[in-house]
Amino acid sequence: MTRLLVVEHDADAPAGLLGGWAAASGLEVATVRLHTGDLLPASASGCDAAVVLGSGQTAYDDSVPWLARELAFVARLLTLGVPVLGICFGGQVLARVLGARLYRLAEPEIGWSRVTSKHPHLAEGPWPSWHFDAFDLPAGATTLAVNEVCVQGFAIGPHAGVQFHPEATAPIVASWAASADPPPRPELTDPFFTGAARAWEQGAVNAQAFFAAWLSGGLAAG
């Protein structure tokens with residue numbers, strides 16, 4: 001049985017659709033909840049693949065207490081060839097480990113996003129987006145998706161990072177909107193909840209196809 005390690009940083013940023021897909025796929029999932037005091041495994045050899053989820057933290061803020069340990073852990077996974085999927089903050093962590101620049105956007109990207117896909121297993125959208133930072137394309141990586149805001153996804157070997165949130169559900173995004181300080185402009189978040197049932201349904205289909213492609217090596221590049 002494939003052992004999937006999920007790194008969860010915040011209580012309001014869980015695995016969401018990723019968890020449902022993993023269960024349906026028969027994966028053995030272990031979740032490290034850093035927000036409850038869980039520690040990353042001492043060895044990176046205890047999993048067959050890993051997903052690093054989003055966070056309200058900033059992946060280039062070295063004052064975050066657990067960030068250095070997480071960067072080192074992801075680096076060990078890459079050394080061992082364990083496939084890593086980074087989502088939003090997790091994608092930024094992966095990009096940083098690979099030596100890419102992280103930076104602050106002039107304006108956050110919040111709302112439904114469409115991307116120009118460079119890979120047949122990554123749909124152009126709709127994807128939920130909620131981020132203030134972005135990454136440059138790491139050296140040696142292949143672009144998976146872009147839009148007018150930033151690089152939206154990359155792959156290198158069996159690893160992939162995306163800036164949007166394929167795992168997100170309407171309740172997860174609602175929790176972000178409720179806790180945001182200051183709250184985002186309503187025109188950015190209302191489309192998530194007003195007449196968006198079909199968008200969420202299509203997003204779930206897109207997400208499952210993307211997760212399966214990553215784990216099977218269908219996104220492999222480099």
# chains A, B, ... in the order shown; residues from 1 in each chain; ligands from 1
call {"tool": "residues_around", "arguments": {"residues": "Ala145 in chain A", "least_positions_apart": "5", "cutoff": "12 Å", "atoms": "only C-alpha atoms", "output": "list in words"}}
result
Ser113, Arg114, Val115, Thr116, Ser117, Lys118, His119, Pro120, His121, Leu122, Ala123, Glu124, Gly125, Trp127, Leu137, Cys150, Val151, Gln152, Gly153, Phe154, Ala155, Ala160, Gly161, Val162, Gln163, Phe164 and Leu219 of chain A
call {"tool": "closest_residue", "arguments": {"among": "A:Ala72, A:Ala213, A:Ala207, A:Cys47", "to": "Trp21 in chain A", "atoms": "only C-alpha atoms"}}
result
A:Ala207
call {"tool": "residues_around", "arguments": {"residues": "Gly111 in chain A", "least_positions_apart": "4", "cutoff": "9 Å", "atoms": "only C-alpha atoms", "output": "list in words"}}
result
Trp127, Pro128, Ser129, Trp130, Glu187, Leu188, Thr189, Asp190, Pro191 and Phe192 of chain A
call {"tool": "write_last_selection", "arguments": {"atoms": "C-alpha atoms", "output": "mmCIF file, in the first residue's frame"}}
result
data_model
loop_
_atom_site.group_PDB
_atom_site.id
_atom_site.type_symbol
_atom_site.label_atom_id
_atom_site.label_comp_id
_atom_site.auth_asym_id
_atom_site.auth_seq_id
_atom_site.Cartn_x
_atom_site.Cartn_y
_atom_site.Cartn_z
ATOM 1 C CA TRP A 127 -9.218 26.618 -9.583
ATOM 2 C CA PRO A 128 -9.698 28.269 -6.173
ATOM 3 C CA SER A 129 -6.860 30.708 -5.453
ATOM 4 C CA TRP A 130 -5.924 32.479 -2.242
ATOM 5 C CA GLU A 187 -16.239 40.867 -5.079
ATOM 6 C CA LEU A 188 -13.252 38.528 -4.720
ATOM 7 C CA THR A 189 -14.919 35.979 -2.447
ATOM 8 C CA ASP A 190 -18.633 36.125 -3.337
ATOM 9 C CA PRO A 191 -18.114 34.137 -6.570
ATOM 10 C CA PHE A 192 -16.965 31.206 -4.423
#
call {"tool": "atom_distance", "arguments": {"atom1": "CA of Ser179 in chain A", "atom2": "CA of Val93 in chain A"}}
result
23.4 Å
call {"tool": "closest_residue", "arguments": {"among": "A:Pro65, A:Gly157, A:Asp38, A:Leu4", "to": "Phe211 in chain A", "atoms": "only C-alpha atoms"}}
result
A:Leu4
call {"tool": "residues_around", "arguments": {"residues": "Thr36 in chain A", "least_positions_apart": "6", "cutoff": "10 Å", "atoms": "only C-alpha atoms", "output": "ChimeraX atom specification"}}
result
/A:8-11
call {"tool": "closest_residue", "arguments": {"among": "A:Thr142, A:Asp133, A:Gln92, A:Glu148", "to": "Leu105 in chain A", "atoms": "only C-alpha atoms"}}
result
A:Asp133
call {"tool": "residues_around", "arguments": {"residues": "Gly86 in chain A", "least_positions_apart": "2", "cutoff": "7 Å", "atoms": "only C-alpha atoms", "output": "NGL selection string"}}
result
:A and (51-53 or 84 or 88 or 90-91 or 94 or 160-162)
call {"tool": "write_last_selection", "arguments": {"atoms": "N, CA and C atoms", "output": "PDB file, in the first residue's frame"}}
result
ATOM      1  N   VAL A  51       2.696  15.300   0.477  1.00  0.00           N
ATOM      2  CA  VAL A  51       2.021  16.530   0.061  1.00  0.00           C
ATOM      3  C   VAL A  51       2.219  17.565   1.149  1.00  0.00           C
ATOM      4  N   VAL A  52       2.652  18.748   0.756  1.00  0.00           N
ATOM      5  CA  VAL A  52       2.826  19.872   1.676  1.00  0.00           C
ATOM      6  C   VAL A  52       1.726  20.875   1.374  1.00  0.00           C
ATOM      7  N   LEU A  53       0.853  21.105   2.348  1.00  0.00           N
ATOM      8  CA  LEU A  53      -0.338  21.923   2.139  1.00  0.00           C
ATOM      9  C   LEU A  53      -0.065  23.408   2.314  1.00  0.00           C
ATOM     10  N   VAL A  84       7.085  14.681  -4.204  1.00  0.00           N
ATOM     11  CA  VAL A  84       6.531  15.738  -3.363  1.00  0.00           C
ATOM     12  C   VAL A  84       5.567  16.575  -4.199  1.00  0.00           C
ATOM     13  N   CYS A  88       0.256  25.731  -2.887  1.00  0.00           N
ATOM     14  CA  CYS A  88       0.307  27.124  -2.451  1.00  0.00           C
ATOM     15  C   CYS A  88       1.557  27.352  -1.589  1.00  0.00           C
ATOM     16  N   GLY A  90       2.969  25.271   0.252  1.00  0.00           N
ATOM     17  CA  GLY A  90       3.787  24.089   0.014  1.00  0.00           C
ATOM     18  C   GLY A  90       4.529  24.148  -1.302  1.00  0.00           C
ATOM     19  N   GLY A  91       3.893  24.723  -2.319  1.00  0.00           N
ATOM     20  CA  GLY A  91       4.579  24.921  -3.590  1.00  0.00           C
ATOM     21  C   GLY A  91       5.719  25.909  -3.459  1.00  0.00           C
ATOM     22  N   LEU A  94       8.601  24.091  -1.754  1.00  0.00           N
ATOM     23  CA  LEU A  94       9.296  23.255  -2.724  1.00  0.00           C
ATOM     24  C   LEU A  94      10.162  24.106  -3.647  1.00  0.00           C
ATOM     25  N   ALA A 160       6.046  18.215  -7.958  1.00  0.00           N
ATOM     26  CA  ALA A 160       5.270  19.285  -8.566  1.00  0.00           C
ATOM     27  C   ALA A 160       4.859  20.291  -7.499  1.00  0.00           C
ATOM     28  N   GLY A 161       4.767  21.548  -7.909  1.00  0.00           N
ATOM     29  CA  GLY A 161       4.276  22.605  -7.044  1.00  0.00           C
ATOM     30  C   GLY A 161       3.254  23.430  -7.792  1.00  0.00           C
ATOM     31  N   VAL A 162       2.162  23.770  -7.122  1.00  0.00           N
ATOM     32  CA  VAL A 162       1.145  24.624  -7.728  1.00  0.00           C
ATOM     33  C   VAL A 162       0.828  25.771  -6.779  1.00  0.00           C
TER      34      VAL A 162
END
call {"tool": "closest_residue", "arguments": {"among": "A:His159, A:Arg3, A:Arg96, A:Arg101", "to": "Asp48 in chain A", "atoms": "only C-alpha atoms"}}
result
A:Arg3
call {"tool": "select_by_dssp", "arguments": {"residues": "range 2-186 of chain A", "states": "strand (DSSP E)", "output": "PyMOL selection string"}}
result
chain A and resi 3-8+28-33+49-52+84-87+102-113+116-117+127-135+142-146+151-156+159-162
call {"tool": "select_by_dssp", "arguments": {"residues": "range 18-86 of chain A", "states": "alpha helix (DSSP H)", "output": "PyMOL selection string"}}
result
chain A and resi 18-24+67-80
call {"tool": "write_last_selection", "arguments": {"atoms": "N, CA and C atoms", "output": "compact mmCIF listing (two decimals), in the first residue's frame"}}
result
# COMPACT_ATOMS: atom_id res chain seq x y z
N LEU A 18 -8.09 16.40 -1.39
CA LEU A 18 -6.96 15.48 -1.44
C LEU A 18 -7.20 14.29 -0.52
N GLY A 19 -7.76 14.54 0.66
CA GLY A 19 -8.03 13.46 1.59
C GLY A 19 -9.04 12.47 1.04
N GLY A 20 -10.11 12.99 0.43
CA GLY A 20 -11.11 12.11 -0.17
C GLY A 20 -10.54 11.30 -1.30
N TRP A 21 -9.73 11.93 -2.14
CA TRP A 21 -9.10 11.21 -3.25
C TRP A 21 -8.16 10.13 -2.73
N ALA A 22 -7.37 10.44 -1.70
CA ALA A 22 -6.43 9.47 -1.15
C ALA A 22 -7.16 8.25 -0.59
N ALA A 23 -8.26 8.50 0.13
CA ALA A 23 -9.03 7.40 0.69
C ALA A 23 -9.62 6.52 -0.42
N ALA A 24 -10.18 7.17 -1.44
CA ALA A 24 -10.77 6.42 -2.54
C ALA A 24 -9.72 5.65 -3.33
N LEU A 67 9.82 26.37 10.11
CA LEU A 67 10.10 26.44 8.68
C LEU A 67 11.44 25.81 8.31
N ALA A 68 12.48 26.07 9.08
CA ALA A 68 13.80 25.51 8.75
C ALA A 68 13.76 23.99 8.75
N ARG A 69 13.06 23.41 9.72
CA ARG A 69 12.96 21.95 9.77
C ARG A 69 12.18 21.42 8.57
N GLU A 70 11.14 22.16 8.18
CA GLU A 70 10.36 21.71 7.02
C GLU A 70 11.17 21.80 5.73
N LEU A 71 11.91 22.86 5.55
CA LEU A 71 12.76 22.99 4.36
C LEU A 71 13.76 21.85 4.30
N ALA A 72 14.36 21.52 5.45
CA ALA A 72 15.34 20.43 5.48
C ALA A 72 14.68 19.09 5.20
N PHE A 73 13.46 18.90 5.71
CA PHE A 73 12.75 17.65 5.49
C PHE A 73 12.40 17.48 4.01
N VAL A 74 11.89 18.54 3.38
CA VAL A 74 11.56 18.46 1.96
C VAL A 74 12.83 18.20 1.15
N ALA A 75 13.93 18.83 1.52
CA ALA A 75 15.19 18.58 0.82
C ALA A 75 15.59 17.11 0.92
N ARG A 76 15.36 16.48 2.08
CA ARG A 76 15.67 15.05 2.22
C ARG A 76 14.77 14.20 1.33
N LEU A 77 13.48 14.58 1.25
CA LEU A 77 12.57 13.85 0.37
C LEU A 77 13.06 13.90 -1.08
N LEU A 78 13.50 15.08 -1.51
CA LEU A 78 13.99 15.21 -2.88
C LEU A 78 15.23 14.36 -3.10
N THR A 79 16.13 14.35 -2.12
CA THR A 79 17.35 13.55 -2.22
C THR A 79 17.03 12.07 -2.37
N LEU A 80 16.00 11.62 -1.65
CA LEU A 80 15.61 10.22 -1.70
C LEU A 80 14.73 9.89 -2.91
call {"tool": "closest_residue", "arguments": {"among": "A:Met1, A:Ala134, A:Ala178, A:Ile172", "to": "Pro108 in chain A", "atoms": "only C-alpha atoms"}}
result
A:Ala134
call {"tool": "atom_distance", "arguments": {"atom1": "CA of Ala30 in chain A", "atom2": "CA of Val6 in chain A"}}
result
6.2 Å
